[in-house]
Amino acid sequence: MLPDNDMRFNASGQVWLDKLVVQHASDASRLLQILLQVQERFGYIPHQAISRLAEKLTIPLARIESVASFYSFLHLQPHGEYRVLFSDNITDRMLGSQALMDQMCQLLWLQPGRVSEDGLVSIGPTSCTGMCDQGPALLVNGRAITCLTHQRVQEIAQLIRNRTPLADWPADFFRVEDNIRRGGLLLDNKLSPGAVLHAAVALGGDAIVEQVKASGLRGRGGAGFPTGMKWEACRKAAGKERYVVCNADEGEPGTFKDRVLLTQQADLVFEGMTLCALAVGARKGFLYLRGEYRYLLEPLQAVLQRRRKDNLLGNKILGKSGFDFDIDIHLGSGAYICGEESALIESLEGKRGVPRSRPPFPVTHGYMQQPTAVDNVETFCQAALALHMGADKYRAVGTEKSSGSKLISVSGDCPRPGIYEYPFGVSVREVLQDCGAVNTRAVQISGPSGVCVPESEFGRKLGFEDLPTAGAFMVFDDSRDMFEVARNYVHFFAHESCGFCTPCRVGTSMLKQTMDKIADGHGTQYDLKEIENLDRVLQTSSHCGLGRTACNPVLHTLKHFRPAYENRLKSLMFSPAFDLDGSLARARQMTGRDDAGAHLKEME
Amino acid sequence: MSDTFQLDGATVPFEPGQTVMQAALAAGHYIPHLCYHPEFKPHGSCKLCTVKVNGRTTASCTMPAEANLNVESNIEEMNALRRTLVQMLFAEGNHFCPSCEKSGNCMLQALGYDLEVHATGFRHLYPDRPLDASHPDILLDFNRCILCELCVRASSEVDGKNVFALAGRGITKHLIVNAESGLLKDTNIALSDKAMQVCPVGVILPKRVGFSQPVGVRRYDQRPISAQALDDAPRQTDASGNCEACEGSS
């Protein structure tokens, strides 16, 4: 018997699958959720399961394959009984994640990205898992393990070799700290469940929208769209049904504040969603939880269950007839792009997470083409707070155009990484002082798609007037190579591009190729020009924000840290990207040689 | 009296619900495109049709036409962008024009000539994409796929069959067929399917008719793709449902 998964799809597997389909009401829009459960049981998605699903859901086989192959945590081939994924954010790397991954590969005798010959284990990198304040981190069969050390890697390798079921691994491995370093009106709130809703029910939908508008609340996911206006548009849009969606697909590398909110303030998140439902007239809500936070699913479901019991969800909420609302949690599965609201909606509908063409926008044509209000986890919390405090009092916090407070996820080179809550308007320098950072060279605000701020600009302020942010605050001290930071981000975007449009699908790969060429010492001035050209194409013609911002890390580091690039360049105007010696790597690997004689001499 | 917008200085009328591309083509103005086909709902993935609308770049095939828009298409900035996009598509797949059955009838090649793409520009990715020759009458050469999804759309929307789908993500995205074996022979595709006609490049080919029309007298050998705007643009279907400008219907 295998430890965690039964990798054979036999008669009992089929009975189980048929039951699962019934549980999901044979609804093809539940496809992704069904596939996730199949993956959890079998460790991959057996092709017999796909055939059976196609039959039971009456959809083409190819569509199931098409959806499953989009999400990086789903596998169509056996991928090991233990599937280990090292978080590959730059902050993990700075804490030595690469050496740890190499160590584990050596201990278990395999190469990154491969499955061991005996089918026991696979090891590879994955995009930031949202544990930057307690990295290096990894996921094993979807469960997060933090604070990796050589010691811990050795223990994990031993557990895997012994085929110890995950349930019997030391609980300590899976502990996730909240690391709240500085509270504020959100993190320090002591609201009891239902307190905001009681007041809201008395107010009614129109008044709630007016209050939220008057509070000046803007979306906390980074874009900063006025929340009251969004709710109003959704309330007024024509449709048979309305939906509320909470975007908990916190994929922007370096961001982990939603993880903490969902751990500490789950009631407030759901309170905000229910408030929104009352405001827009929705009866159904979804929380889209990123796959990396799979461990939060059961605790969140317990909170939902308690709220149903307390009549804070379900029919006639708080006794008000017509106020019916419930929330479903959907899991993501390793696709950053699903943080984009229209891609998230596609994923909720059980499809590939490809961003839609906009207009129309989700407020009029969202989930199932019906009016849908999609907001970030923190936004829902802030909306509930704003209503509780009253618009004027809320507006008094923060700055003129950025009212309220903001959670900042601090990671990187500082002694006190974690969550910091500030009123908007705090300067980069103040945050650096609070987290104890010294000799700081640069801060990456709002993740790879955000802004790289050099020391000369540490006086700049977080807020929509100056530095809008979804919350990531990655600190780099003067020992760090900003070229390598940008290269890590470029690799991230190439991995996460959904592949829908030409410029992003191909352009991010070309950008990666060019950055790697420079890293390998083959770069020339020509390549810097090539980067500028790619940047222009990505910015002007990409389908969505991913492609349009994919070049930001390179643009910003080129602007502020150009020598980090130029020091690597050959003086030649052009050097071919084809690496003759590199092309012999496979021959070296097959012969087990890596001595000087197995390398071509550098031709000058 | 319908509303109008400006396209490169010309006044273009449009009907409500039309996109910039649809209105432009209907009025006889050419905007380069690959994944757009008049019989299908535009989805805007190739981005060849990117234009400037009131100074902002957007795909013209999905941009709803509005009164008094100022659309710039045939300007060097947009054409330079299109050249790079064509270079990207050439570098992404394996395109060997001299030995390709579709040479002269291929929209990607025709756009390359017309936009004056003189060099490949990027380092080619040389992906490994095996052929599917399993079907007795149809060959699939995935090497040339530009992921426009026209066959996917044609098969599901017109043929009602779902023979094709796209799988994978990002640069690994690829075309698959709907069969447990993964082979075309096990699908219900037929030579008469719409999906057989819409490929703008040379992926979906009927067997045993190779080079029945000599290179040199093919569609884009005669006139560049932009000059055929008026013939191609509305691309009406004839009585038998065949699209005049589509391959396999001549």
# chains A, B, ... in the order shown; residues from 1 in each chain; ligands from 1

$ interface_residues --of "chain A" --to "chain B" --cutoff "8 Å" --atoms "only C-alpha atoms" --output "PDB file with C-alpha atoms, in the first residue's frame"
ATOM      1  CA  SER A  51     -12.178   9.042 -19.759  1.00  0.00           C
ATOM      2  CA  PRO A  60     -14.850  16.139 -24.559  1.00  0.00           C
ATOM      3  CA  LEU A  61     -11.768  14.324 -23.272  1.00  0.00           C
ATOM      4  CA  ALA A  62      -9.600  16.988 -24.839  1.00  0.00           C
ATOM      5  CA  ARG A  63     -11.261  19.664 -22.741  1.00  0.00           C
ATOM      6  CA  GLU A  65      -6.783  17.414 -20.718  1.00  0.00           C
ATOM      7  CA  SER A  66      -6.747  21.047 -21.778  1.00  0.00           C
ATOM      8  CA  VAL A  67      -7.816  22.234 -18.313  1.00  0.00           C
ATOM      9  CA  SER A  69      -2.493  20.687 -18.295  1.00  0.00           C
ATOM     10  CA  PHE A  70      -2.949  24.388 -17.571  1.00  0.00           C
ATOM     11  CA  TYR A  71      -2.433  24.128 -13.816  1.00  0.00           C
ATOM     12  CA  SER A 357     -11.086  40.333 -23.328  1.00  0.00           C
ATOM     13  CA  ALA A 494       7.903  33.154 -18.366  1.00  0.00           C
ATOM     14  CA  HIS A 495       6.723  30.251 -16.213  1.00  0.00           C
ATOM     15  CA  GLU A 496       3.423  31.913 -15.372  1.00  0.00           C
ATOM     16  CA  SER A 497       2.430  33.303 -18.767  1.00  0.00           C
ATOM     17  CA  CYS A 498      -0.865  31.668 -19.693  1.00  0.00           C
ATOM     18  CA  GLY A 499       0.235  31.493 -23.330  1.00  0.00           C
ATOM     19  CA  PHE A 500      -2.892  33.041 -24.796  1.00  0.00           C
ATOM     20  CA  CYS A 501      -1.327  35.970 -26.652  1.00  0.00           C
ATOM     21  CA  THR A 502       1.792  35.934 -28.825  1.00  0.00           C
ATOM     22  CA  PRO A 503       3.730  38.788 -27.193  1.00  0.00           C
ATOM     23  CA  ARG A 505       3.769  33.690 -24.564  1.00  0.00           C
ATOM     24  CA  VAL A 506       6.837  34.102 -26.751  1.00  0.00           C
ATOM     25  CA  GLY A 507       8.134  37.428 -25.453  1.00  0.00           C
ATOM     26  CA  SER A 509      10.510  33.279 -23.063  1.00  0.00           C
ATOM     27  CA  MET A 510      12.708  35.430 -25.276  1.00  0.00           C
ATOM     28  CA  VAL A 537       6.348  44.807 -27.462  1.00  0.00           C
ATOM     29  CA  THR A 540       2.088  47.690 -25.916  1.00  0.00           C
ATOM     30  CA  SER A 541       0.508  44.497 -27.175  1.00  0.00           C
ATOM     31  CA  SER A 542       0.005  42.013 -24.327  1.00  0.00           C
ATOM     32  CA  HIS A 543      -3.508  40.794 -23.621  1.00  0.00           C
ATOM     33  CA  ALA A 577      23.195  32.997 -28.281  1.00  0.00           C
TER      34      ALA A 577
END

$ select_by_dssp --residues "region 107-200 of chain B" --states "helix (DSSP H, G or I)" --output "VMD selection string"
chain B and resid 107 to 114 142 to 144 150 to 158 170 to 172 184 to 186 194 to 196

$ write_last_selection --atoms "N, CA and C atoms" --output "PDB file, in the first residue's frame"
ATOM      1  N   MET B 107      -0.756  32.393 -44.468  1.00  0.00           N
ATOM      2  CA  MET B 107      -0.925  33.781 -44.015  1.00  0.00           C
ATOM      3  C   MET B 107       0.285  34.275 -43.230  1.00  0.00           C
ATOM      4  N   LEU B 108       0.909  33.396 -42.464  1.00  0.00           N
ATOM      5  CA  LEU B 108       2.070  33.829 -41.688  1.00  0.00           C
ATOM      6  C   LEU B 108       3.210  34.230 -42.626  1.00  0.00           C
ATOM      7  N   GLN B 109       3.448  33.400 -43.623  1.00  0.00           N
ATOM      8  CA  GLN B 109       4.489  33.704 -44.609  1.00  0.00           C
ATOM      9  C   GLN B 109       4.146  34.988 -45.368  1.00  0.00           C
ATOM     10  N   ALA B 110       2.866  35.105 -45.773  1.00  0.00           N
ATOM     11  CA  ALA B 110       2.445  36.276 -46.537  1.00  0.00           C
ATOM     12  C   ALA B 110       2.611  37.555 -45.719  1.00  0.00           C
ATOM     13  N   LEU B 111       2.302  37.464 -44.433  1.00  0.00           N
ATOM     14  CA  LEU B 111       2.472  38.635 -43.566  1.00  0.00           C
ATOM     15  C   LEU B 111       3.955  38.956 -43.411  1.00  0.00           C
ATOM     16  N   GLY B 112       4.770  37.923 -43.323  1.00  0.00           N
ATOM     17  CA  GLY B 112       6.208  38.136 -43.226  1.00  0.00           C
ATOM     18  C   GLY B 112       6.729  38.931 -44.419  1.00  0.00           C
ATOM     19  N   TYR B 113       6.325  38.524 -45.629  1.00  0.00           N
ATOM     20  CA  TYR B 113       6.751  39.251 -46.834  1.00  0.00           C
ATOM     21  C   TYR B 113       6.190  40.660 -46.841  1.00  0.00           C
ATOM     22  N   ASP B 114       4.896  40.766 -46.540  1.00  0.00           N
ATOM     23  CA  ASP B 114       4.226  42.042 -46.668  1.00  0.00           C
ATOM     24  C   ASP B 114       4.729  43.065 -45.656  1.00  0.00           C
ATOM     25  N   PHE B 142       2.231  19.647 -36.522  1.00  0.00           N
ATOM     26  CA  PHE B 142       2.158  20.602 -35.405  1.00  0.00           C
ATOM     27  C   PHE B 142       3.306  21.606 -35.402  1.00  0.00           C
ATOM     28  N   ASN B 143       4.366  21.292 -36.139  1.00  0.00           N
ATOM     29  CA  ASN B 143       5.524  22.188 -36.169  1.00  0.00           C
ATOM     30  C   ASN B 143       5.143  23.607 -36.571  1.00  0.00           C
ATOM     31  N   ARG B 144       4.084  23.711 -37.367  1.00  0.00           N
ATOM     32  CA  ARG B 144       3.734  25.017 -37.938  1.00  0.00           C
ATOM     33  C   ARG B 144       2.629  25.710 -37.162  1.00  0.00           C
ATOM     34  N   LEU B 150      -8.195  28.717 -34.447  1.00  0.00           N
ATOM     35  CA  LEU B 150      -9.278  28.719 -35.440  1.00  0.00           C
ATOM     36  C   LEU B 150      -9.846  27.321 -35.645  1.00  0.00           C
ATOM     37  N   CYS B 151      -8.970  26.299 -35.681  1.00  0.00           N
ATOM     38  CA  CYS B 151      -9.488  24.932 -35.862  1.00  0.00           C
ATOM     39  C   CYS B 151     -10.295  24.499 -34.647  1.00  0.00           C
ATOM     40  N   VAL B 152      -9.858  24.947 -33.450  1.00  0.00           N
ATOM     41  CA  VAL B 152     -10.584  24.610 -32.234  1.00  0.00           C
ATOM     42  C   VAL B 152     -11.988  25.189 -32.319  1.00  0.00           C
ATOM     43  N   ARG B 153     -12.027  26.466 -32.711  1.00  0.00           N
ATOM     44  CA  ARG B 153     -13.318  27.157 -32.779  1.00  0.00           C
ATOM     45  C   ARG B 153     -14.195  26.576 -33.881  1.00  0.00           C
ATOM     46  N   ALA B 154     -13.599  26.316 -35.051  1.00  0.00           N
ATOM     47  CA  ALA B 154     -14.384  25.790 -36.182  1.00  0.00           C
ATOM     48  C   ALA B 154     -14.963  24.424 -35.833  1.00  0.00           C
ATOM     49  N   SER B 155     -14.152  23.583 -35.222  1.00  0.00           N
ATOM     50  CA  SER B 155     -14.618  22.233 -34.927  1.00  0.00           C
ATOM     51  C   SER B 155     -15.749  22.248 -33.907  1.00  0.00           C
ATOM     52  N   SER B 156     -15.645  23.115 -32.908  1.00  0.00           N
ATOM     53  CA  SER B 156     -16.710  23.108 -31.899  1.00  0.00           C
ATOM     54  C   SER B 156     -17.918  23.934 -32.345  1.00  0.00           C
ATOM     55  N   GLU B 157     -17.673  25.095 -32.948  1.00  0.00           N
ATOM     56  CA  GLU B 157     -18.803  25.980 -33.246  1.00  0.00           C
ATOM     57  C   GLU B 157     -19.530  25.595 -34.533  1.00  0.00           C
ATOM     58  N   VAL B 158     -18.791  25.171 -35.551  1.00  0.00           N
ATOM     59  CA  VAL B 158     -19.435  24.869 -36.832  1.00  0.00           C
ATOM     60  C   VAL B 158     -19.678  23.371 -36.992  1.00  0.00           C
ATOM     61  N   GLY B 170       1.569  28.700 -21.285  1.00  0.00           N
ATOM     62  CA  GLY B 170       2.734  29.491 -21.669  1.00  0.00           C
ATOM     63  C   GLY B 170       3.383  28.951 -22.926  1.00  0.00           C
ATOM     64  N   ILE B 171       4.691  28.925 -22.927  1.00  0.00           N
ATOM     65  CA  ILE B 171       5.433  28.539 -24.129  1.00  0.00           C
ATOM     66  C   ILE B 171       5.260  27.050 -24.433  1.00  0.00           C
ATOM     67  N   THR B 172       4.727  26.285 -23.482  1.00  0.00           N
ATOM     68  CA  THR B 172       4.500  24.861 -23.750  1.00  0.00           C
ATOM     69  C   THR B 172       3.086  24.599 -24.285  1.00  0.00           C
ATOM     70  N   LEU B 184      -5.206  11.500 -34.328  1.00  0.00           N
ATOM     71  CA  LEU B 184      -6.295  12.022 -35.151  1.00  0.00           C
ATOM     72  C   LEU B 184      -7.175  10.904 -35.709  1.00  0.00           C
ATOM     73  N   LYS B 185      -6.573   9.755 -35.981  1.00  0.00           N
ATOM     74  CA  LYS B 185      -7.357   8.657 -36.576  1.00  0.00           C
ATOM     75  C   LYS B 185      -8.501   8.216 -35.659  1.00  0.00           C
ATOM     76  N   ASP B 186      -8.366   8.472 -34.366  1.00  0.00           N
ATOM     77  CA  ASP B 186      -9.404   8.061 -33.433  1.00  0.00           C
ATOM     78  C   ASP B 186     -10.402   9.174 -33.112  1.00  0.00           C
ATOM     79  N   LYS B 194     -15.362  22.067 -41.375  1.00  0.00           N
ATOM     80  CA  LYS B 194     -14.902  23.457 -41.399  1.00  0.00           C
ATOM     81  C   LYS B 194     -13.476  23.542 -40.839  1.00  0.00           C
ATOM     82  N   ALA B 195     -13.199  22.719 -39.829  1.00  0.00           N
ATOM     83  CA  ALA B 195     -11.877  22.748 -39.206  1.00  0.00           C
ATOM     84  C   ALA B 195     -10.768  22.440 -40.207  1.00  0.00           C
ATOM     85  N   MET B 196     -11.105  21.768 -41.312  1.00  0.00           N
ATOM     86  CA  MET B 196     -10.111  21.458 -42.339  1.00  0.00           C
ATOM     87  C   MET B 196      -9.729  22.687 -43.144  1.00  0.00           C
TER      88      MET B 196
END

$ residues_around --residues "Asp258 (chain A)" --least-positions-apart "3" --cutoff "12 Å" --atoms "only C-alpha atoms" --output "number ranges by chain"
A: 130-131, 178, 187, 220-221, 246-252, 254-255, 261-266, 269, 287-290, 293, 296, 376-381, 406-409, 419, 470-472

$ select_by_dssp --residues "region 20-221 of chain B" --states "strand (DSSP E)" --output "MDAnalysis selection string"
chainID B and resid 50:53 56:59 70:72 138:140 164:167 174:177 204:206

$ write_last_selection --atoms "C-alpha atoms" --output "mmCIF file, in the first residue's frame"
data_model
loop_
_atom_site.group_PDB
_atom_site.id
_atom_site.type_symbol
_atom_site.label_atom_id
_atom_site.label_comp_id
_atom_site.auth_asym_id
_atom_site.auth_seq_id
_atom_site.Cartn_x
_atom_site.Cartn_y
_atom_site.Cartn_z
ATOM 1 C CA THR B 50 -2.904 45.785 -32.693
ATOM 2 C CA VAL B 51 -3.712 49.418 -33.470
ATOM 3 C CA LYS B 52 -3.573 52.704 -31.637
ATOM 4 C CA VAL B 53 -6.996 53.915 -30.558
ATOM 5 C CA ARG B 56 -3.667 53.632 -26.622
ATOM 6 C CA THR B 57 -2.702 50.312 -28.155
ATOM 7 C CA THR B 58 -5.320 47.578 -28.353
ATOM 8 C CA ALA B 59 -6.282 44.606 -30.521
ATOM 9 C CA ASN B 70 -9.104 57.912 -33.894
ATOM 10 C CA VAL B 71 -7.548 54.631 -35.037
ATOM 11 C CA GLU B 72 -3.962 54.454 -36.304
ATOM 12 C CA ILE B 138 -5.412 13.984 -43.062
ATOM 13 C CA LEU B 139 -1.941 14.966 -41.893
ATOM 14 C CA LEU B 140 -1.258 17.129 -38.852
ATOM 15 C CA PHE B 164 -9.175 20.048 -31.393
ATOM 16 C CA ALA B 165 -8.182 21.712 -28.123
ATOM 17 C CA LEU B 166 -5.206 23.566 -26.690
ATOM 18 C CA ALA B 167 -3.279 22.071 -23.816
ATOM 19 C CA HIS B 174 0.158 23.103 -27.875
ATOM 20 C CA LEU B 175 -2.622 21.699 -30.008
ATOM 21 C CA ILE B 176 -4.131 18.336 -29.051
ATOM 22 C CA VAL B 177 -6.878 16.186 -30.518
ATOM 23 C CA ILE B 204 -4.018 20.612 -41.084
ATOM 24 C CA LEU B 205 -3.447 19.162 -44.541
ATOM 25 C CA PRO B 206 -5.443 16.747 -46.690
#

$ residues_around --residues "Tyr243 (chain A)" --least-positions-apart "4" --cutoff "8 Å" --atoms "only C-alpha atoms" --output "PyMOL selection string"
chain A and resi 277+282-286+367+370-373

$ write_last_selection --atoms "N, CA and C atoms" --output "CSV table (one decimal), in the first residue's frame"
chain,number,residue,atom,x,y,z
A,277,ALA,N,-22.5,41.1,-0.5
A,277,ALA,CA,-23.6,40.4,-1.0
A,277,ALA,C,-24.9,41.2,-0.8
A,282,ALA,N,-26.4,39.8,-4.0
A,282,ALA,CA,-25.9,38.4,-4.4
A,282,ALA,C,-26.4,37.4,-3.5
A,283,ARG,N,-26.6,36.2,-4.0
A,283,ARG,CA,-27.0,35.1,-3.2
A,283,ARG,C,-25.9,34.0,-3.0
A,284,LYS,N,-24.9,34.2,-3.9
A,284,LYS,CA,-23.8,33.2,-3.9
A,284,LYS,C,-22.5,33.8,-3.9
A,285,GLY,N,-21.6,33.3,-3.2
A,285,GLY,CA,-20.2,33.9,-3.2
A,285,GLY,C,-19.2,32.8,-3.3
A,286,PHE,N,-18.0,33.1,-3.8
A,286,PHE,CA,-16.9,32.2,-3.8
A,286,PHE,C,-15.6,32.8,-3.2
A,367,TYR,N,-18.9,36.0,-13.4
A,367,TYR,CA,-19.1,34.5,-13.3
A,367,TYR,C,-20.4,34.1,-14.0
A,370,GLN,N,-22.7,36.8,-15.4
A,370,GLN,CA,-23.6,37.6,-14.6
A,370,GLN,C,-22.8,38.6,-13.8
A,371,PRO,N,-23.5,39.7,-13.4
A,371,PRO,CA,-22.8,40.7,-12.6
A,371,PRO,C,-22.0,40.1,-11.4
A,372,THR,N,-20.7,40.5,-11.3
A,372,THR,CA,-19.9,39.9,-10.2
A,372,THR,C,-19.0,40.9,-9.6
A,373,ALA,N,-19.0,41.0,-8.3
A,373,ALA,CA,-18.0,41.9,-7.6
A,373,ALA,C,-16.8,41.0,-7.2

$ closest_residue --among "B:Val198, B:Glu76, B:Asp221, B:Ala133" --to "Glu116 (chain B)" --atoms "only C-alpha atoms"
B:Glu76

$ residues_around --residues "Gln18 (chain B)" --least-positions-apart "3" --cutoff "12 Å" --atoms "only C-alpha atoms" --output "PyMOL selection string"
chain B and resi 2-5+12-15+21-27+38+41-42+60-67

$ atom_distance --atom1 "CA of Gly272 (chain A)" --atom2 "CA of Lys257 (chain A)"
16.5 Å

$ closest_residue --among "A:Gly222, A:Gly322, A:Gly281, A:Pro468" --to "Asp375 (chain A)" --atoms "only C-alpha atoms"
A:Gly222

$ atom_distance --atom1 "CA of Thr58 (chain A)" --atom2 "CA of Ala28 (chain A)"
8.1 Å

$ residues_around --residues "Lys56 (chain A)" --least-positions-apart "3" --cutoff "8 Å" --atoms "only C-alpha atoms" --output "list in words"
Asp18, Val21, Ser26, Arg52 and Leu53 of chain A

$ closest_residue --among "A:Ala598, A:Ala167, A:Ala49, A:Leu185" --to "Arg143 (chain A)" --atoms "only C-alpha atoms"
A:Ala167

$ residues_around --residues "Val451 (chain A)" --least-positions-apart "2" --cutoff "8 Å" --atoms "only C-alpha atoms" --output "list in words"
Gln444, Ile445, Ser446, Gly447, Pro448, Ser449, Val453, Leu467, Asn552, Pro553 and His556 of chain A

$ closest_residue --among "B:Glu77, B:Glu101, B:Glu39, B:Asp141" --to "Asp128 (chain B)" --atoms "only C-alpha atoms"
B:Asp141

$ atom_distance --atom1 "CA of Ser72 (chain A)" --atom2 "CA of Gly334 (chain A)"
5.0 Å

$ closest_residue --among "A:Leu20, A:Leu191, A:Ala233, A:Val153" --to "Val209 (chain A)" --atoms "only C-alpha atoms"
A:Ala233

$ closest_residue --among "A:Asp477, A:Glu271, A:Glu81, A:Glu155" --to "Arg307 (chain A)" --atoms "only C-alpha atoms"
A:Glu271
